[in-house]
file work.cif (mmCIF, C-alpha atoms)
data_entry
#
loop_
_atom_site.group_PDB
_atom_site.id
_atom_site.type_symbol
_atom_site.label_atom_id
_atom_site.label_comp_id
_atom_site.auth_asym_id
_atom_site.auth_seq_id
_atom_site.Cartn_x
_atom_site.Cartn_y
_atom_site.Cartn_z
ATOM 1 C CA MET A 1 -18.875 21.589 6.385
ATOM 2 C CA GLY A 2 -21.763 19.039 6.732
ATOM 3 C CA LYS A 3 -25.436 19.745 6.544
ATOM 4 C CA LYS A 4 -27.193 22.236 8.772
ATOM 5 C CA SER A 5 -28.826 20.926 11.912
ATOM 6 C CA ARG A 6 -32.601 20.819 11.977
ATOM 7 C CA GLU A 7 -34.455 23.515 13.885
ATOM 8 C CA ARG A 8 -35.754 22.457 17.284
ATOM 9 C CA VAL A 9 -39.474 21.700 17.168
ATOM 10 C CA LEU A 10 -40.080 21.460 20.931
ATOM 11 C CA PRO A 11 -39.816 24.365 23.391
ATOM 12 C CA ASP A 12 -36.599 24.767 25.392
ATOM 13 C CA ASN A 13 -38.051 23.118 28.507
ATOM 14 C CA GLU A 14 -39.096 19.870 26.760
ATOM 15 C CA ALA A 15 -37.385 16.736 25.469
ATOM 16 C CA LYS A 16 -38.736 13.652 23.734
ATOM 17 C CA ALA A 17 -37.945 10.074 22.818
ATOM 18 C CA VAL A 18 -39.591 7.721 20.343
ATOM 19 C CA ALA A 19 -39.703 3.918 20.511
ATOM 20 C CA ARG A 20 -40.569 2.379 17.170
ATOM 21 C CA ASN A 21 -41.465 -1.132 15.981
ATOM 22 C CA LEU A 22 -42.944 -2.319 19.270
ATOM 23 C CA ARG A 23 -44.613 -5.692 18.750
ATOM 24 C CA VAL A 24 -47.974 -4.848 20.303
ATOM 25 C CA SER A 25 -51.212 -3.365 19.025
ATOM 26 C CA PRO A 26 -51.630 0.407 19.420
ATOM 27 C CA GLN A 27 -54.754 -0.124 21.528
ATOM 28 C CA LYS A 28 -52.871 -2.194 24.108
ATOM 29 C CA LEU A 29 -49.925 0.204 24.090
ATOM 30 C CA ASP A 30 -52.230 3.155 24.716
ATOM 31 C CA LEU A 31 -53.428 1.514 27.946
ATOM 32 C CA VAL A 32 -49.845 1.589 29.240
ATOM 33 C CA ALA A 33 -49.222 5.112 27.910
ATOM 34 C CA SER A 34 -52.248 6.383 29.809
ATOM 35 C CA LEU A 35 -50.611 5.099 33.032
ATOM 36 C CA VAL A 36 -47.834 7.692 32.776
ATOM 37 C CA ARG A 37 -49.504 10.712 31.178
ATOM 38 C CA GLY A 38 -49.340 13.810 33.358
ATOM 39 C CA LYS A 39 -47.357 12.208 36.178
ATOM 40 C CA PRO A 40 -43.973 13.185 37.621
ATOM 41 C CA VAL A 41 -41.187 11.137 36.067
ATOM 42 C CA GLU A 42 -40.191 9.256 39.228
ATOM 43 C CA GLN A 43 -43.779 8.154 39.840
ATOM 44 C CA ALA A 44 -44.278 7.188 36.186
ATOM 45 C CA LEU A 45 -41.126 5.041 36.257
ATOM 46 C CA ALA A 46 -42.299 3.324 39.445
ATOM 47 C CA ASP A 47 -45.727 2.623 37.927
ATOM 48 C CA LEU A 48 -44.134 1.090 34.827
ATOM 49 C CA GLU A 49 -41.692 -0.950 36.907
ATOM 50 C CA PHE A 50 -44.509 -2.724 38.734
ATOM 51 C CA SER A 51 -47.019 -2.885 35.885
ATOM 52 C CA ARG A 52 -48.058 -6.378 34.852
ATOM 53 C CA LYS A 53 -48.347 -5.500 31.156
ATOM 54 C CA ARG A 54 -45.682 -7.079 28.946
ATOM 55 C CA ILE A 55 -44.977 -3.913 26.975
ATOM 56 C CA SER A 56 -44.425 -1.718 30.042
ATOM 57 C CA GLY A 57 -40.692 -2.532 30.005
ATOM 58 C CA ASP A 58 -40.312 -1.013 26.537
ATOM 59 C CA VAL A 59 -42.345 2.049 27.536
ATOM 60 C CA ARG A 60 -40.109 2.419 30.600
ATOM 61 C CA LYS A 61 -37.015 2.317 28.372
ATOM 62 C CA CYS A 62 -38.498 5.030 26.166
ATOM 63 C CA LEU A 63 -39.310 7.208 29.185
ATOM 64 C CA MET A 64 -35.790 6.763 30.555
ATOM 65 C CA SER A 65 -34.423 7.751 27.148
ATOM 66 C CA ALA A 66 -36.526 10.926 27.182
ATOM 67 C CA VAL A 67 -35.189 11.759 30.658
ATOM 68 C CA ALA A 68 -31.613 11.150 29.476
ATOM 69 C CA ASN A 69 -32.213 13.402 26.454
ATOM 70 C CA ALA A 70 -33.554 16.119 28.749
ATOM 71 C CA GLU A 71 -30.560 15.876 31.062
ATOM 72 C CA ASN A 72 -27.719 15.460 28.568
ATOM 73 C CA ASN A 73 -28.898 17.292 25.458
ATOM 74 C CA HIS A 74 -30.978 20.109 26.948
ATOM 75 C CA GLN A 75 -29.553 20.520 30.503
ATOM 76 C CA LEU A 76 -32.922 20.137 32.244
ATOM 77 C CA SER A 77 -33.276 19.164 35.899
ATOM 78 C CA ILE A 78 -34.401 15.547 36.358
ATOM 79 C CA ASP A 79 -36.173 16.252 39.641
ATOM 80 C CA GLN A 80 -38.601 18.689 38.015
ATOM 81 C CA LEU A 81 -39.579 16.612 34.969
ATOM 82 C CA VAL A 82 -43.186 15.677 34.245
ATOM 83 C CA VAL A 83 -44.500 13.409 31.481
ATOM 84 C CA ALA A 84 -46.228 16.065 29.392
ATOM 85 C CA GLU A 85 -47.327 13.806 26.520
ATOM 86 C CA ALA A 86 -47.300 10.094 25.764
ATOM 87 C CA TYR A 87 -48.981 9.254 22.502
ATOM 88 C CA VAL A 88 -49.174 6.123 20.422
ATOM 89 C CA GLY A 89 -49.112 5.621 16.673
ATOM 90 C CA LYS A 90 -49.570 2.760 14.247
ATOM 91 C CA ASN A 91 -46.628 1.150 12.544
ATOM 92 C CA LEU A 92 -46.429 -1.686 10.046
ATOM 93 C CA VAL A 93 -48.768 -4.687 10.118
ATOM 94 C CA MET A 94 -47.464 -8.143 9.186
ATOM 95 C CA LYS A 95 -50.095 -10.181 7.387
ATOM 96 C CA ARG A 96 -49.975 -13.934 7.801
ATOM 97 C CA PHE A 97 -52.351 -16.724 6.830
ATOM 98 C CA HIS A 98 -53.704 -19.489 9.034
ATOM 99 C CA ALA A 99 -55.040 -22.777 7.640
ATOM 100 C CA ARG A 100 -58.714 -23.390 8.378
ATOM 101 C CA GLY A 101 -61.069 -26.266 7.757
ATOM 102 C CA ARG A 102 -62.309 -27.410 4.339
ATOM 103 C CA GLY A 103 -59.256 -26.058 2.490
ATOM 104 C CA ARG A 104 -59.812 -22.448 3.460
ATOM 105 C CA SER A 105 -57.536 -19.906 5.099
ATOM 106 C CA SER A 106 -57.951 -16.835 7.227
ATOM 107 C CA MET A 107 -55.785 -13.794 7.653
ATOM 108 C CA VAL A 108 -53.822 -13.129 10.848
ATOM 109 C CA MET A 109 -52.784 -9.521 11.451
ATOM 110 C CA LYS A 110 -49.664 -8.921 13.550
ATOM 111 C CA PRO A 111 -49.602 -5.190 14.300
ATOM 112 C CA PHE A 112 -46.641 -3.081 15.384
ATOM 113 C CA SER A 113 -46.845 0.340 17.003
ATOM 114 C CA GLN A 114 -44.687 3.206 18.229
ATOM 115 C CA ILE A 115 -44.778 5.481 21.257
ATOM 116 C CA THR A 116 -43.580 9.054 21.668
ATOM 117 C CA VAL A 117 -42.886 10.357 25.175
ATOM 118 C CA VAL A 118 -42.397 14.091 25.804
ATOM 119 C CA VAL A 119 -41.106 15.249 29.196
ATOM 120 C CA ARG A 120 -41.355 18.858 30.372
ATOM 121 C CA GLU A 121 -39.477 20.704 33.097
ATOM 122 C CA VAL A 122 -41.841 22.562 35.438
ATOM 123 C CA ASP A 123 -41.262 24.865 38.404
ATOM 124 C CA GLU A 124 -41.783 23.784 42.021
ATOM 125 C CA ASP A 125 -45.319 25.186 42.398
ATOM 126 C CA GLU A 126 -46.578 23.425 39.303
ATOM 127 C CA LEU A 127 -44.792 20.209 40.329
ATOM 128 C CA VAL A 128 -46.727 20.165 43.608
ATOM 129 C CA ASN A 129 -49.994 20.533 41.656
ATOM 130 C CA VAL A 130 -49.000 17.705 39.314
ATOM 131 C CA ARG A 131 -48.192 15.412 42.252
ATOM 132 C CA LYS A 132 -51.516 16.297 43.861
ATOM 133 C CA ARG A 133 -53.452 15.393 40.693
ATOM 134 C CA ALA A 134 -51.481 12.172 40.201
ATOM 135 C CA ASN A 135 -52.235 11.043 43.775
ATOM 136 C CA GLY A 136 -55.944 11.785 43.617
ATOM 137 C CA GLY A 137 -55.829 15.115 45.443
ATOM 138 C CA LYS A 138 -53.399 14.121 48.191
ATOM 139 C CA VAL A 139 -49.872 15.422 48.489
ATOM 140 C CA ARG A 140 -47.526 12.815 49.879
ATOM 141 C CA SER A 141 -44.507 14.253 51.597
ATOM 142 C CA LYS A 142 -41.287 12.303 51.652
ATOM 143 C CA THR A 143 -40.760 12.860 55.392
ATOM 144 C CA LYS A 144 -43.255 12.168 58.136
ATOM 145 C CA THR A 145 -44.256 15.216 60.132
ATOM 146 C CA ALA A 146 -44.804 15.024 63.861
ATOM 147 C CA PRO A 147 -47.835 16.730 65.429
ATOM 148 C CA PRO A 148 -47.164 20.135 66.989
ATOM 149 C CA ALA A 149 -45.733 20.088 70.517
ATOM 150 C CA GLY A 150 -48.329 19.915 73.282
ATOM 151 C CA THR A 151 -50.980 18.185 71.166
ATOM 152 C CA GLN A 152 -51.909 14.537 71.261
ATOM 153 C CA PRO A 153 -53.586 12.384 68.660
ATOM 154 C CA PRO A 154 -57.372 11.955 69.119
ATOM 155 C CA ALA A 155 -56.962 8.320 70.238
ATOM 156 C CA ALA A 156 -54.644 9.296 73.093
ATOM 157 C CA GLU A 157 -57.067 12.002 74.238
ATOM 158 C CA ALA A 158 -59.932 9.474 74.327
ATOM 159 C CA LYS A 159 -57.914 7.080 76.502
ATOM 160 C CA GLU A 160 -57.130 9.861 78.980
ATOM 161 C CA ALA A 161 -60.825 10.781 79.291
ATOM 162 C CA GLU A 162 -61.662 7.246 80.504
#

call {"tool": "encode", "arguments": {"input": "work.cif", "output": "structure tokens"}}
result
Amino acid sequence: MGKKSRERVLPDNEAKAVARNLRVSPQKLDLVASLVRGKPVEQALADLEFSRKRISGDVRKCLMSAVANAENNHQLSIDQLVVAEAYVGKNLVMKRFHARGRGRSSMVMKPFSQITVVVREVDEDELVNVRKRANGGKVRSKTKTAPPAGTQPPAAEAKEAE
């Protein structure tokens, strides 16, 4: 008989994951979270993979968890997922003391933080717009397209004119 399950807070096309007790300040974590906001999931994962920030590995794990939740719990398509939200919150702060000169001490704050990643499934048209914004206005196709038959690149035309 158990207790009743909680009502779903997110819409049907969204899933989320939360990573808590990350040993980094919220300000530094927000720099990494801003890397992935509004990007397609595959591009966000690639950006986190090659980021030089120490905490990017934990953010990547959280994003992968959100994608797994979307796929397994809510039956969403992985190929059409976009990072809708990535927000950071404060967590506990450990307070330590450091010995200073002349018998004094100073406080050392060791902050923790948490990150929440929400992924949303979008349709194909909106996904193209998201990719365009993430790439600075350029859409990168996965396959190279050849020029139409009978046309030559401008460099080849210039060589023929000489």

call {"tool": "atom_distance", "arguments": {"input": "work.cif", "atom1": "atom CA of Arg54 of chain A", "atom2": "atom CA of His98 of chain A"}}
result
24.8 Å

call {"tool": "residues_around", "arguments": {"input": "work.cif", "residues": "Val130 of chain A", "least_positions_apart": "4", "cutoff": "7 Å", "atoms": "all atoms listed in the file", "output": "NGL selection string"}}
result
:A and (39-40 or 126 or 134)

call {"tool": "atom_distance", "arguments": {"input": "work.cif", "atom1": "atom CA of Ala68 of chain A", "atom2": "atom CA of Lys4 of chain A"}}
result
23.9 Å

call {"tool": "atom_distance", "arguments": {"input": "work.cif", "atom1": "atom CA of Cys62 of chain A", "atom2": "atom CA of Glu7 of chain A"}}
result
22.6 Å

call {"tool": "closest_atom_pairs", "arguments": {"input": "work.cif", "of": "segment 61-85 of chain A", "to": "segment 27-36 of chain A", "cutoff": "12 Å", "atoms": "all atoms listed in the file", "output": "CSV"}}
result
residue,atom,partner,partner_atom,distance
A:Cys62,CA,A:Ala33,CA,10.9
A:Leu63,CA,A:Val36,CA,9.3
A:Val82,CA,A:Val36,CA,9.4
A:Val83,CA,A:Val36,CA,6.7
A:Ala84,CA,A:Val36,CA,9.2
A:Glu85,CA,A:Val36,CA,8.8

call {"tool": "closest_residue", "arguments": {"input": "work.cif", "among": "A:Asn69, A:Leu48, A:Met94, A:Val88", "to": "Asn13 of chain A", "atoms": "only C-alpha atoms"}}
result
A:Asn69

call {"tool": "resolve_selection", "arguments": {"input": "work.cif", "expression": "the PyMOL selection byres ((chain A and resi 58) around 12)", "output": "NGL selection string"}}
result
:A and (17-24 or 29 or 32-33 or 45 or 48-49 or 51 or 53-57 or 59-65 or 113-117)

call {"tool": "write_last_selection", "arguments": {"input": "work.cif", "atoms": "C-alpha atoms", "output": "PDB file, in the frame of the given file"}}
result
ATOM      1  CA  ALA A  17     -37.945  10.074  22.818  1.00  0.00           C
ATOM      2  CA  VAL A  18     -39.591   7.721  20.343  1.00  0.00           C
ATOM      3  CA  ALA A  19     -39.703   3.918  20.511  1.00  0.00           C
ATOM      4  CA  ARG A  20     -40.569   2.379  17.170  1.00  0.00           C
ATOM      5  CA  ASN A  21     -41.465  -1.132  15.981  1.00  0.00           C
ATOM      6  CA  LEU A  22     -42.944  -2.319  19.270  1.00  0.00           C
ATOM      7  CA  ARG A  23     -44.613  -5.692  18.750  1.00  0.00           C
ATOM      8  CA  VAL A  24     -47.974  -4.848  20.303  1.00  0.00           C
ATOM      9  CA  LEU A  29     -49.925   0.204  24.090  1.00  0.00           C
ATOM     10  CA  VAL A  32     -49.845   1.589  29.240  1.00  0.00           C
ATOM     11  CA  ALA A  33     -49.222   5.112  27.910  1.00  0.00           C
ATOM     12  CA  LEU A  45     -41.126   5.041  36.257  1.00  0.00           C
ATOM     13  CA  LEU A  48     -44.134   1.090  34.827  1.00  0.00           C
ATOM     14  CA  GLU A  49     -41.692  -0.950  36.907  1.00  0.00           C
ATOM     15  CA  SER A  51     -47.019  -2.885  35.885  1.00  0.00           C
ATOM     16  CA  LYS A  53     -48.347  -5.500  31.156  1.00  0.00           C
ATOM     17  CA  ARG A  54     -45.682  -7.079  28.946  1.00  0.00           C
ATOM     18  CA  ILE A  55     -44.977  -3.913  26.975  1.00  0.00           C
ATOM     19  CA  SER A  56     -44.425  -1.718  30.042  1.00  0.00           C
ATOM     20  CA  GLY A  57     -40.692  -2.532  30.005  1.00  0.00           C
ATOM     21  CA  VAL A  59     -42.345   2.049  27.536  1.00  0.00           C
ATOM     22  CA  ARG A  60     -40.109   2.419  30.600  1.00  0.00           C
ATOM     23  CA  LYS A  61     -37.015   2.317  28.372  1.00  0.00           C
ATOM     24  CA  CYS A  62     -38.498   5.030  26.166  1.00  0.00           C
ATOM     25  CA  LEU A  63     -39.310   7.208  29.185  1.00  0.00           C
ATOM     26  CA  MET A  64     -35.790   6.763  30.555  1.00  0.00           C
ATOM     27  CA  SER A  65     -34.423   7.751  27.148  1.00  0.00           C
ATOM     28  CA  SER A 113     -46.845   0.340  17.003  1.00  0.00           C
ATOM     29  CA  GLN A 114     -44.687   3.206  18.229  1.00  0.00           C
ATOM     30  CA  ILE A 115     -44.778   5.481  21.257  1.00  0.00           C
ATOM     31  CA  THR A 116     -43.580   9.054  21.668  1.00  0.00           C
ATOM     32  CA  VAL A 117     -42.886  10.357  25.175  1.00  0.00           C
TER      33      VAL A 117
END

call {"tool": "resolve_selection", "arguments": {"input": "work.cif", "expression": "the PyMOL selection byres ((chain A and resi 95) around 8)", "output": "NGL selection string"}}
result
:A and (93-94 or 96-97 or 107-110)

call {"tool": "closest_residue", "arguments": {"input": "work.cif", "among": "A:Asp47, A:Asp79, A:Glu42, A:Glu71", "to": "Val122 of chain A", "atoms": "only C-alpha atoms"}}
result
A:Asp79

call {"tool": "residues_around", "arguments": {"input": "work.cif", "residues": "Val128 of chain A", "least_positions_apart": "3", "cutoff": "12 Å", "atoms": "only C-alpha atoms", "output": "ChimeraX atom specification"}}
result
/A:39-40,79-82,122-125,131-135,137-141

call {"tool": "write_last_selection", "arguments": {"input": "work.cif", "atoms": "C-alpha atoms", "output": "short mmCIF file (atom, residue, chain, number, x, y, z; two decimals), keeping the file's coordinate frame"}}
result
data_model
loop_
_atom_site.label_atom_id
_atom_site.label_comp_id
_atom_site.auth_asym_id
_atom_site.auth_seq_id
_atom_site.Cartn_x
_atom_site.Cartn_y
_atom_site.Cartn_z
CA LYS A 39 -47.36 12.21 36.18
CA PRO A 40 -43.97 13.18 37.62
CA ASP A 79 -36.17 16.25 39.64
CA GLN A 80 -38.60 18.69 38.02
CA LEU A 81 -39.58 16.61 34.97
CA VAL A 82 -43.19 15.68 34.24
CA VAL A 122 -41.84 22.56 35.44
CA ASP A 123 -41.26 24.86 38.40
CA GLU A 124 -41.78 23.78 42.02
CA ASP A 125 -45.32 25.19 42.40
CA ARG A 131 -48.19 15.41 42.25
CA LYS A 132 -51.52 16.30 43.86
CA ARG A 133 -53.45 15.39 40.69
CA ALA A 134 -51.48 12.17 40.20
CA ASN A 135 -52.24 11.04 43.78
CA GLY A 137 -55.83 15.12 45.44
CA LYS A 138 -53.40 14.12 48.19
CA VAL A 139 -49.87 15.42 48.49
CA ARG A 140 -47.53 12.82 49.88
CA SER A 141 -44.51 14.25 51.60
#

call {"tool": "closest_residue", "arguments": {"input": "work.cif", "among": "A:Val67, A:Leu10, A:Val41, A:Met1", "to": "Leu127 of chain A", "atoms": "only C-alpha atoms"}}
result
A:Val41

call {"tool": "closest_residue", "arguments": {"input": "work.cif", "among": "A:Ser77, A:Ala66, A:Arg102, A:Ser25", "to": "Lys90 of chain A", "atoms": "only C-alpha atoms"}}
result
A:Ser25

call {"tool": "resolve_selection", "arguments": {"input": "work.cif", "expression": "the PyMOL selection byres ((chain A and resi 12) around 12)", "output": "JSON, numbers by chain"}}
result
{"A": [7, 8, 9, 10, 11, 13, 14, 15, 16, 70, 73, 74, 75, 76, 119, 120, 121, 122]}
